[in-house]
Structure formats: C-alpha cells, structure tokens
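Source file: target_1.txt; contents: compact mmCIF, C-alpha atoms.
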```
# COMPACT_ATOMS: atom_id res chain seq x y z
CA MET A 1 -60.95 -9.03 -11.96
CA MET A 2 -57.37 -7.77 -12.40
CA GLU A 3 -56.36 -11.20 -13.69
CA LYS A 4 -58.91 -10.91 -16.50
CA ILE A 5 -57.51 -7.53 -17.58
CA ARG A 6 -53.95 -8.80 -17.34
CA GLN A 7 -54.65 -11.77 -19.57
CA LYS A 8 -56.20 -9.84 -22.46
CA LYS A 9 -53.30 -9.47 -24.88
CA GLY A 10 -54.73 -6.75 -27.10
CA LEU A 11 -55.92 -4.70 -24.15
CA GLN A 12 -52.49 -5.04 -22.54
CA LEU A 13 -50.82 -3.56 -25.61
CA ILE A 14 -53.19 -0.58 -25.40
CA ILE A 15 -52.52 -0.17 -21.67
CA GLY A 16 -48.76 -0.33 -22.35
CA LEU A 17 -49.16 2.34 -25.01
CA LEU A 18 -51.24 4.60 -22.74
CA VAL A 19 -48.89 4.22 -19.77
CA GLY A 20 -46.11 5.16 -22.20
CA VAL A 21 -48.00 8.22 -23.45
CA CYS A 22 -48.45 9.45 -19.86
CA PHE A 23 -44.84 8.67 -19.00
CA GLY A 24 -43.46 10.51 -22.03
CA PHE A 25 -45.79 13.45 -21.46
CA LEU A 26 -44.64 13.72 -17.84
CA LEU A 27 -40.92 13.39 -18.64
CA GLN A 28 -41.18 16.16 -21.24
CA LYS A 29 -43.21 18.43 -18.94
CA GLY A 30 -40.67 17.82 -16.19
CA GLY A 31 -37.90 19.07 -18.47
CA VAL A 32 -35.84 15.90 -18.02
CA THR A 33 -35.89 15.22 -21.77
CA ARG A 34 -33.62 18.27 -22.19
CA TYR A 35 -29.85 17.66 -22.47
CA GLU A 36 -29.11 20.74 -20.35
CA ILE A 37 -31.22 19.54 -17.40
CA ILE A 38 -29.59 16.09 -17.37
CA ILE A 39 -26.01 17.34 -17.75
CA ASN A 40 -26.55 20.04 -15.11
CA GLN A 41 -27.87 17.31 -12.82
CA LEU A 42 -24.70 15.26 -13.39
CA LEU A 43 -22.60 18.41 -12.84
CA LEU A 44 -24.60 18.83 -9.59
CA LYS A 45 -25.91 22.28 -10.58
CA ASP A 46 -29.62 21.48 -11.08
CA PHE A 47 -31.43 18.75 -9.17
CA THR A 48 -34.60 18.45 -11.29
CA VAL A 49 -33.86 14.80 -12.18
CA VAL A 50 -33.30 13.80 -8.55
CA LYS A 51 -36.45 15.68 -7.46
CA VAL A 52 -38.60 13.86 -10.02
CA MET A 53 -37.08 10.47 -9.17
CA LEU A 54 -37.27 10.78 -5.38
CA THR A 55 -40.86 12.06 -5.46
CA ALA A 56 -41.86 9.20 -7.77
CA ILE A 57 -40.12 6.71 -5.47
CA ILE A 58 -41.92 8.01 -2.34
CA VAL A 59 -45.39 7.97 -3.91
CA GLY A 60 -44.80 4.76 -5.85
CA MET A 61 -43.32 2.91 -2.87
CA ILE A 62 -46.16 3.68 -0.47
CA GLY A 63 -48.84 2.82 -3.02
CA ILE A 64 -47.19 -0.39 -4.25
CA TYR A 65 -46.49 -1.65 -0.72
CA LEU A 66 -50.09 -0.87 0.32
CA MET A 67 -51.50 -2.70 -2.70
CA GLN A 68 -49.08 -5.58 -2.18
CA SER A 69 -50.19 -5.94 1.44
CA VAL A 70 -53.76 -6.58 0.24
CA ASN A 71 -52.55 -8.84 -2.62
CA LEU A 72 -53.55 -6.47 -5.42
CA VAL A 73 -50.06 -6.43 -6.92
CA LYS A 74 -46.95 -8.63 -6.97
CA PHE A 75 -43.40 -7.42 -6.66
CA HIS A 76 -40.97 -7.72 -9.54
CA ALA A 77 -37.55 -7.65 -7.92
CA LYS A 78 -34.59 -7.95 -10.27
CA PRO A 79 -31.70 -10.14 -9.15
CA GLY A 80 -28.30 -8.56 -8.80
CA SER A 81 -24.62 -9.27 -8.34
CA VAL A 82 -21.49 -7.20 -8.01
CA GLY A 83 -20.37 -8.22 -11.51
CA GLN A 84 -23.74 -7.41 -13.00
CA THR A 85 -25.16 -4.51 -11.02
CA VAL A 86 -22.06 -2.56 -9.99
CA ILE A 87 -20.03 -3.00 -13.18
CA GLY A 88 -23.08 -2.71 -15.46
CA GLY A 89 -24.32 0.28 -13.49
CA LEU A 90 -21.00 2.10 -13.84
CA ILE A 91 -20.85 1.34 -17.60
CA PHE A 92 -24.42 2.61 -17.97
CA GLY A 93 -23.51 5.73 -15.99
CA ILE A 94 -20.50 6.55 -18.18
CA GLY A 95 -22.65 6.25 -21.30
CA PHE A 96 -25.39 8.31 -19.63
CA GLY A 97 -22.89 11.09 -18.84
CA ILE A 98 -21.42 11.07 -22.37
CA LEU A 99 -24.82 11.07 -24.09
CA GLY A 100 -26.67 13.37 -21.71
CA TYR A 101 -29.91 11.38 -21.85
CA CYS A 102 -31.05 8.03 -20.42
CA PRO A 103 -33.03 5.40 -22.42
CA GLY A 104 -36.44 6.88 -21.54
CA THR A 105 -35.44 10.52 -21.86
CA VAL A 106 -33.51 9.93 -25.11
CA THR A 107 -36.78 8.68 -26.62
CA GLY A 108 -38.67 11.67 -25.24
CA ALA A 109 -35.92 14.01 -26.44
CA ALA A 110 -36.15 12.57 -29.95
CA ALA A 111 -39.88 13.29 -29.89
CA GLN A 112 -39.36 16.96 -28.92
CA GLY A 113 -37.06 17.49 -31.91
CA SER A 114 -33.61 16.79 -30.44
CA LEU A 115 -31.94 15.18 -33.44
CA ASP A 116 -28.79 14.18 -31.55
CA ALA A 117 -31.05 11.98 -29.41
CA LEU A 118 -32.93 10.52 -32.39
CA LEU A 119 -30.02 9.87 -34.78
CA GLY A 120 -27.15 9.44 -32.32
CA GLY A 121 -28.43 8.37 -28.91
CA MET A 122 -31.22 5.99 -29.96
CA LEU A 123 -29.09 4.36 -32.67
CA GLY A 124 -26.23 3.92 -30.19
CA LEU A 125 -28.63 2.42 -27.67
CA LEU A 126 -29.82 -0.15 -30.23
CA LEU A 127 -26.28 -1.07 -31.26
CA GLY A 128 -25.03 -1.22 -27.66
CA SER A 129 -27.90 -3.55 -26.74
CA GLY A 130 -26.90 -5.69 -29.73
CA ALA A 131 -23.26 -5.76 -28.61
CA PHE A 132 -24.34 -6.99 -25.18
CA ILE A 133 -26.51 -9.71 -26.74
CA ALA A 134 -23.50 -10.84 -28.81
CA LEU A 135 -21.26 -10.91 -25.73
CA TYR A 136 -23.91 -12.39 -23.43
CA ASP A 137 -22.46 -15.93 -23.24
CA THR A 138 -18.95 -14.76 -22.41
CA LEU A 139 -20.14 -12.22 -19.86
CA GLN A 140 -22.56 -14.66 -18.27
CA LYS A 141 -19.73 -17.18 -17.80
CA ASN A 142 -17.09 -14.79 -16.51
CA ILE A 143 -18.57 -11.69 -14.90
CA LEU A 144 -22.32 -11.48 -14.42
CA GLN A 145 -22.54 -14.08 -11.66
CA LYS A 146 -19.62 -12.73 -9.57
CA GLY A 147 -20.73 -11.69 -6.10
CA TYR A 148 -24.34 -12.80 -6.62
CA PHE A 149 -26.79 -11.48 -4.03
CA GLY A 150 -30.11 -12.31 -5.70
CA GLU A 151 -33.58 -10.81 -5.70
CA ILE A 152 -33.53 -9.30 -2.25
CA THR A 153 -35.43 -6.24 -1.04
CA LEU A 154 -34.53 -3.88 1.79
CA PRO A 155 -37.25 -5.20 4.18
CA GLN A 156 -35.63 -8.65 3.84
CA VAL A 157 -32.20 -7.26 4.72
CA ILE A 158 -33.13 -4.75 7.43
CA LYS A 159 -35.26 -6.83 9.72
CA ILE A 160 -37.56 -4.26 11.28
CA ASN A 161 -41.29 -3.69 10.77
CA LYS A 162 -41.81 -3.18 7.03
CA TRP A 163 -43.96 -0.08 7.53
CA LEU A 164 -41.52 1.45 9.98
CA LEU A 165 -38.79 0.99 7.37
CA ILE A 166 -40.96 2.60 4.70
CA ALA A 167 -41.72 5.51 7.04
CA ILE A 168 -38.00 5.98 7.74
CA ILE A 169 -37.10 5.87 4.04
CA THR A 170 -39.93 8.32 3.26
CA LEU A 171 -38.64 10.74 5.90
CA ILE A 172 -35.04 10.45 4.66
CA LEU A 173 -36.09 11.13 1.05
CA ILE A 174 -38.28 14.09 2.09
CA ALA A 175 -35.35 15.43 4.16
CA ILE A 176 -33.10 15.22 1.07
CA LEU A 177 -35.70 17.11 -1.01
CA TYR A 178 -36.11 19.70 1.76
CA PHE A 179 -32.34 20.18 1.96
CA LEU A 180 -32.09 20.60 -1.84
CA GLU A 181 -34.83 23.29 -1.78
CA LYS A 182 -33.15 25.04 1.17
CA ALA A 183 -29.83 25.03 -0.65
CA GLY A 184 -31.56 26.56 -3.70
CA LEU A 185 -30.56 23.68 -5.99
CA MET B 1 -48.64 4.69 19.65
CA ILE B 2 -48.07 5.97 16.13
CA LYS B 3 -48.51 3.32 13.48
CA PRO B 4 -45.93 3.57 10.67
CA LYS B 5 -48.60 2.59 8.14
CA ILE B 6 -50.67 5.62 9.16
CA VAL B 7 -47.66 7.93 8.82
CA CYS B 8 -47.08 6.65 5.29
CA LEU B 9 -50.72 7.13 4.36
CA LEU B 10 -50.75 10.64 5.81
CA SER B 11 -47.65 11.74 3.90
CA LEU B 12 -49.29 10.45 0.75
CA LEU B 13 -52.44 12.49 1.47
CA LEU B 14 -50.28 15.55 2.15
CA SER B 15 -49.02 15.39 -1.41
CA ILE B 16 -52.53 15.94 -2.80
CA PRO B 17 -52.70 19.72 -2.06
CA VAL B 18 -49.70 20.11 -4.40
CA PHE B 19 -52.18 19.71 -7.22
CA GLY B 20 -54.49 22.40 -5.84
CA GLN B 21 -51.84 25.13 -5.76
CA ASN B 22 -52.41 26.29 -9.28
CA GLU B 23 -55.78 27.65 -10.33
CA SER B 24 -55.24 27.39 -14.07
CA SER B 25 -57.63 25.49 -16.31
CA PRO B 26 -56.69 22.04 -17.62
CA LYS B 27 -56.03 23.54 -21.03
CA GLU B 28 -53.50 25.99 -19.62
CA TRP B 29 -51.92 23.12 -17.71
CA PHE B 30 -51.26 21.18 -20.89
CA GLN B 31 -49.86 24.28 -22.59
CA MET B 32 -47.30 24.95 -19.86
CA VAL B 33 -43.71 24.29 -20.89
CA ARG B 34 -42.68 23.04 -17.45
CA TRP B 35 -44.42 21.43 -14.52
CA SER B 36 -42.95 21.35 -11.05
CA PRO B 37 -40.65 18.31 -10.68
CA TYR B 38 -42.68 17.34 -7.59
CA ILE B 39 -45.94 17.21 -9.53
CA VAL B 40 -44.24 15.21 -12.28
CA GLY B 41 -42.77 12.87 -9.65
CA VAL B 42 -46.12 12.34 -7.91
CA CYS B 43 -47.78 11.56 -11.26
CA ILE B 44 -45.03 9.10 -12.24
CA GLY B 45 -45.44 7.42 -8.85
CA ILE B 46 -49.19 7.05 -9.45
CA LEU B 47 -48.52 5.85 -12.99
CA SER B 48 -46.37 3.07 -11.52
CA TRP B 49 -49.35 1.95 -9.40
CA ILE B 50 -51.50 1.76 -12.53
CA SER B 51 -48.85 -0.17 -14.40
CA PHE B 52 -48.42 -2.73 -11.59
CA LEU B 53 -52.16 -2.99 -11.06
CA LEU B 54 -53.44 -3.25 -14.62
CA SER B 55 -50.50 -4.94 -16.32
CA ASP B 56 -48.55 -6.61 -13.50
CA LYS B 57 -45.48 -4.91 -14.96
CA PRO B 58 -42.98 -2.35 -13.71
CA ILE B 59 -42.31 0.59 -16.03
CA GLY B 60 -39.01 0.03 -17.85
CA VAL B 61 -37.65 1.31 -21.13
CA SER B 62 -34.27 -0.16 -22.06
CA GLY B 63 -35.38 -3.79 -22.53
CA ALA B 64 -37.46 -2.75 -25.54
CA PHE B 65 -34.32 -1.48 -27.26
CA ALA B 66 -32.74 -4.94 -26.99
CA GLN B 67 -35.93 -6.49 -28.40
CA SER B 68 -35.98 -3.95 -31.22
CA TYR B 69 -32.35 -4.76 -32.01
CA GLY B 70 -33.26 -8.44 -32.08
CA MET B 71 -36.20 -7.74 -34.42
CA ILE B 72 -34.03 -5.72 -36.80
CA GLU B 73 -31.34 -8.41 -36.88
CA LYS B 74 -34.00 -11.04 -37.48
CA TRP B 75 -35.19 -9.06 -40.51
CA PHE B 76 -31.75 -9.04 -42.06
CA LYS B 77 -30.35 -12.37 -40.97
CA GLY B 78 -33.41 -14.53 -40.44
CA LYS B 79 -34.19 -16.58 -37.36
CA LYS B 80 -30.60 -16.99 -36.11
CA ILE B 81 -30.95 -14.32 -33.43
CA GLU B 82 -33.64 -16.32 -31.63
CA GLU B 83 -31.06 -19.05 -31.02
CA THR B 84 -28.81 -16.75 -28.98
CA SER B 85 -28.79 -17.49 -25.26
CA TYR B 86 -29.95 -13.94 -24.51
CA PHE B 87 -33.20 -14.39 -26.44
CA LYS B 88 -33.69 -17.88 -25.04
CA LYS B 89 -33.83 -16.22 -21.64
CA TYR B 90 -35.70 -13.02 -22.62
CA SER B 91 -38.40 -13.40 -25.28
CA LEU B 92 -38.08 -11.57 -28.57
CA ALA B 93 -41.80 -10.85 -29.00
CA ILE B 94 -42.78 -7.22 -29.44
CA GLY B 95 -45.19 -6.59 -26.61
CA TRP B 96 -46.01 -4.36 -23.69
CA GLU B 97 -42.53 -2.86 -23.23
CA PHE B 98 -42.26 -1.97 -26.91
CA MET B 99 -45.68 -0.31 -26.85
CA LEU B 100 -44.61 1.64 -23.77
CA VAL B 101 -41.66 3.12 -25.67
CA VAL B 102 -43.87 3.95 -28.67
CA GLY B 103 -46.28 5.63 -26.25
CA LEU B 104 -43.44 7.48 -24.55
CA PHE B 105 -42.45 8.97 -27.90
CA ILE B 106 -46.05 10.02 -28.64
CA GLY B 107 -46.54 11.48 -25.15
CA ALA B 108 -43.35 13.54 -25.23
CA PHE B 109 -44.23 14.77 -28.73
CA LEU B 110 -47.72 15.83 -27.57
CA SER B 111 -46.31 17.62 -24.54
CA ALA B 112 -43.72 19.50 -26.60
CA LYS B 113 -46.21 20.39 -29.35
CA LEU B 114 -48.92 21.62 -26.94
CA SER B 115 -46.50 23.91 -25.11
CA GLY B 116 -44.57 25.11 -28.15
CA ASP B 117 -41.42 23.49 -26.73
CA PHE B 118 -40.96 21.39 -29.90
CA ARG B 119 -37.92 22.51 -31.88
CA LEU B 120 -35.62 20.72 -34.27
CA GLU B 121 -32.15 20.98 -32.84
CA PHE B 122 -29.04 18.93 -33.50
CA VAL B 123 -26.58 20.45 -31.06
CA PRO B 124 -27.91 21.28 -27.57
CA GLY B 125 -27.10 24.80 -26.35
CA LEU B 126 -24.92 23.73 -23.43
CA TRP B 127 -22.82 21.48 -25.68
CA GLN B 128 -22.56 24.24 -28.30
CA ALA B 129 -21.29 26.76 -25.74
CA LYS B 130 -18.40 24.46 -24.81
CA PHE B 131 -17.63 22.47 -27.94
CA GLY B 132 -19.04 24.46 -30.86
CA ASP B 133 -21.89 23.77 -33.25
CA ASN B 134 -20.37 20.91 -35.27
CA ALA B 135 -23.28 18.50 -35.67
CA PHE B 136 -21.08 15.57 -36.74
CA ILE B 137 -18.99 15.68 -33.55
CA ARG B 138 -22.12 15.89 -31.40
CA TRP B 139 -23.64 12.98 -33.36
CA LEU B 140 -20.52 10.86 -32.88
CA ILE B 141 -20.40 11.53 -29.14
CA ALA B 142 -24.15 10.86 -28.77
CA LEU B 143 -23.72 7.59 -30.70
CA LEU B 144 -20.79 6.56 -28.50
CA GLY B 145 -22.64 7.49 -25.30
CA GLY B 146 -25.77 5.66 -26.44
CA PHE B 147 -23.72 2.57 -27.33
CA ILE B 148 -22.01 2.41 -23.92
CA MET B 149 -25.31 3.12 -22.14
CA GLY B 150 -27.11 0.43 -24.15
CA MET B 151 -24.50 -2.16 -23.16
CA GLY B 152 -24.59 -1.01 -19.55
CA ALA B 153 -28.40 -1.14 -19.37
CA ARG B 154 -28.51 -4.81 -20.43
CA TRP B 155 -25.47 -5.58 -18.29
CA ALA B 156 -27.07 -4.12 -15.16
CA GLY B 157 -30.50 -5.49 -16.13
CA GLY B 158 -32.31 -2.17 -16.31
CA CYS B 159 -32.04 1.58 -16.76
CA THR B 160 -33.04 4.78 -14.97
CA SER B 161 -36.70 3.77 -15.21
CA GLY B 162 -36.58 -0.02 -14.68
CA HIS B 163 -34.04 0.14 -11.86
CA GLY B 164 -34.04 3.86 -11.05
CA ILE B 165 -37.79 4.26 -10.45
CA SER B 166 -39.62 0.91 -10.64
CA GLY B 167 -36.97 -1.12 -8.81
CA THR B 168 -36.10 1.45 -6.15
CA LEU B 169 -39.76 2.04 -5.25
CA GLN B 170 -40.10 -1.69 -4.52
CA LEU B 171 -36.99 -1.26 -2.35
CA VAL B 172 -35.07 -3.80 -4.38
CA VAL B 173 -31.42 -3.93 -3.29
CA SER B 174 -30.01 -4.48 -6.81
CA SER B 175 -31.94 -1.44 -8.07
CA TRP B 176 -30.63 0.88 -5.35
CA VAL B 177 -27.08 -0.35 -6.02
CA ALA B 178 -27.62 0.13 -9.77
CA VAL B 179 -29.03 3.66 -9.54
CA ILE B 180 -26.17 4.77 -7.27
CA CYS B 181 -23.68 3.36 -9.81
CA PHE B 182 -25.58 5.08 -12.68
CA PHE B 183 -25.06 8.42 -10.97
CA ILE B 184 -21.43 7.75 -9.96
CA GLY B 185 -20.57 6.86 -13.57
CA GLY B 186 -22.69 9.70 -14.97
CA ILE B 187 -21.25 12.37 -12.68
CA ALA B 188 -17.69 11.17 -13.41
CA ALA B 189 -18.24 11.20 -17.18
CA ALA B 190 -20.05 14.57 -17.28
CA MET B 191 -17.47 16.22 -15.00
CA PHE B 192 -14.63 14.79 -17.10
CA ILE B 193 -16.20 16.12 -20.31
CA TYR B 194 -17.19 19.53 -18.99
CA TYR B 195 -14.32 20.26 -16.58
CA GLY B 196 -11.57 17.96 -17.87
CA ILE B 197 -11.78 18.30 -21.65
CA ALA B 198 -13.59 21.61 -22.13
CA LYS B 199 -11.41 24.70 -22.09
```
Same coordinates, now as structure tokens:
Amino acid sequence: MMEKIRQKKGLQLIIGLLVGVCFGFLLQKGGVTRYEIIINQLLLKDFTVVKVMLTAIIVGMIGIYLMQSVNLVKFHAKPGSVGQTVIGGLIFGIGFGILGYCPGTVTGAAAQGSLDALLGGMLGLLLGSGAFIALYDTLQKNILQKGYFGEITLPQVIKINKWLLIAIITLILIAILYFLEKAGL
Amino acid sequence: MIKPKIVCLLSLLLSIPVFGQNESSPKEWFQMVRWSPYIVGVCIGILSWISFLLSDKPIGVSGAFAQSYGMIEKWFKGKKIEETSYFKKYSLAIGWEFMLVVGLFIGAFLSAKLSGDFRLEFVPGLWQAKFGDNAFIRWLIALLGGFIMGMGARWAGGCTSGHGISGTLQLVVSSWVAVICFFIGGIAAAMFIYYGIAK
C-alpha cells in the first residue's frame, strides 16, 4: 500500500509540501528561526536548539528503527569520508556561526519577517551551493574521497544487540537533556 | 530479563503525557509564540516517521537550494548546467525536496502570523547590541555566512536537518560526524565574532 502512495508523483509533491508546512511551523514555534536563539546556542548560553534536536533524534530513532524492523521503511544512510564530512562539516559550521541560521531555519526566519535571512542568508546559500557545483570536479578528485568510510551506521560498527544500543543511546541523550535542565541552560 | 526493545517503546510512551500538560484549546496552542523545545522535538521526530513512511525520504533542506541554483542558472544560460558532473549525479528536477522548502516557508509564516510573532526586521537585536544597526553590514555578513554554509552543506552532503536530524536518528556515522563538526565550526565562528571582534 505504501508503495502505491510513494509512486504517485503529484501526491508526493503534496506530501512534501505538507511535511514542509509542519516542519516550518514547528521550527518557528520552537523559536529556532530566531537569530538570537541560534547564536546563544553557539555561545553555549541557551540550549533550545540542542533540546529540539536531541528530542527529535530520540523519538525519530525509535520509531524509524521499529518501522524498519517490520519492513515498513528503508534507511537512507549518507556515505561519508574525512575529506567530505569533517572538512565540509567544519566549513558548514563556520558559515552557520557567521550567519546565525541554518538552511532550514534561514527559510523559516525569512518567512517570519527577518530580512537579513531572506535577502542575505538565502541568497548566500544559493550562491554557495552554486560555487560548490562549479568546484565539484576538482573537489571530487582531490578531497572528497580522502579517508572514505562509506554508508555505515552505528549498529554496524558497535556490534551489540541493535535494540540494546538504541536503549543506551536513548538513555545517554535523556541524561544530557536532564543535565541541561538541572544546570538551568 | 529486560528486553531493550521494550525499554525503547516505554520511553516513547512516556513522552506522550508531555502533550497533556497544557489544558489550553487547540486555538490557543496555535496562537502561542513559543512551544516547549521538547514538544517541538517530539513532533519533528514523529514528522520524520511520516516522511519516511509516506515518501520514503528523509527530511532535508539544503539540497533544494542547490537544485534551485541549478534551475536559475538553466534559465539564464540554457541547458549547460545539466552537463555538470554534479547534476549528472544529483537530478535537477524540482520535486519533493523543493516542495518541502516551499512548505517550510509557508508553515513558519503561518506560525509567526498566528502568534503575532511576525515582524519585519533587518538587523536582529543581539547583532544590533554589539555591532550597531547598519543594515548593509548585517546583509553583507549574512550573505557571506550563507555562502560559506551553502558550500559546506553540499560539501558535507547535508545540513542540520538532513544530517543533523534525519541522518543522526538513523544512527548514520557520517551524520553524527557531520553534526559534531557543524557545532565545532559554529561555536568557533560565533565565539570569534561575539568575543573576539565585538568590543
């Protein structure tokens, strides 16, 4: 039945739109589309962003792994390498810290009236994507494949019972959230 | 013996009472300026189930910006962009991801309008307190930050949603590495700007 829904192109565009509407609504309600919340997260003064992300990871992880175990969903693991993931991640981070929004929140910020996000951040994001596309061949040849480790997931690396691992990760993430609340952050 | 699967299920069920804490009507809920980050997180987690289930896709935002760039260049320069090795690997068609970003914009607009949190603002308050209210300087810095972030997102193969939420929740190693690097870079840049440059 899911296959039928997934193959309907028009319906998929509507589902994409609706998932986006919910996502944008939630990001704005969470306050993470505000420059102040993101910068204060990066200055380690306000942990709203981390709280949203860790809670989403816990709930998402358990649900996706449950559905995967009964073949309702497939995983979509992205491959990685040191040259790609570490260097790209650090470049992304520097831009993130300078701008004060990420790609999703810059779009949400633009929609709540933040003109720096609309005219500066989103335009920069478009042009930066273009610059990467232009440099793609060179980067692919020289950097992106360095230290390749592929599409691996933690249960493939840490060879214990998958559900035990998920339980441990859940407990660690809840402990982090508990500590943050205790510390008043 | 305690089964780990049961523990996971139980902790999921324990999150449900979070929703029951507030007695307000749905209308009042939508009009609130802020929701608890935990409620927002739980809802985003559930949204990721829906996205995987109905569309077989993880939620991700930054890829659509590369596609939009490709579309714009195609407008001006014709079909040449489709010949680039990037678009041979990743299709240029405007599809699900693009619609997600359009939806994201609509959703954030609705949220801000319903709560009265919508306001036109060029220079955020925190920036203004440190660096003044010059809109051009803020625009230039936002453009520069967006440019670097856009490169980095394609370089790393995802952003704070594609890697940071969708990848990490599948326990993908590259996504955990990426999100840690996002925060290392972000913390370094923000601290440099606010403690290094600001007086």
Give me, as JSON, numbers by chain, all polymer residues having an atom no more than 6 Å from range 58-73 of chain A, counting all atoms listed in the file and skipping those fewer than 6 positions away in the same chain. {"A": [170], "B": [42, 45, 53, 169, 170]}
Length of the CA of Gly113 in chain A to CA of Ile44 in chain B vector [Å]: 22.8 Å
Neighbouring residues of Lys78 in chain A were defined as those with any atom within 10 Å, considering only C-alpha atoms; residues of the same chain fewer than 5 positions away were excluded. Please report them as number ranges by chain. A: 150-153; B: 156-158, 162-163, 167, 172-175
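For the pair CA of Gly24 in chain A and CA of Trp35 in chain B, the separation is 13.3 Å.
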Hey, can I get the axis-aligned box for range 116-135 of chain A? All listed atoms, 3 Å padding on each side, centre and edge lengths in Å to one decimal, as JSON.
```
{"center_x": -27.1, "center_y": 1.6, "center_z": -30.0, "size_x": 17.7, "size_y": 31.1, "size_z": 15.6}
```
Find the distance between CA of Val40 in chain B and CA of Leu123 in chain A and write it in Å to one decimal. 27.6 Å
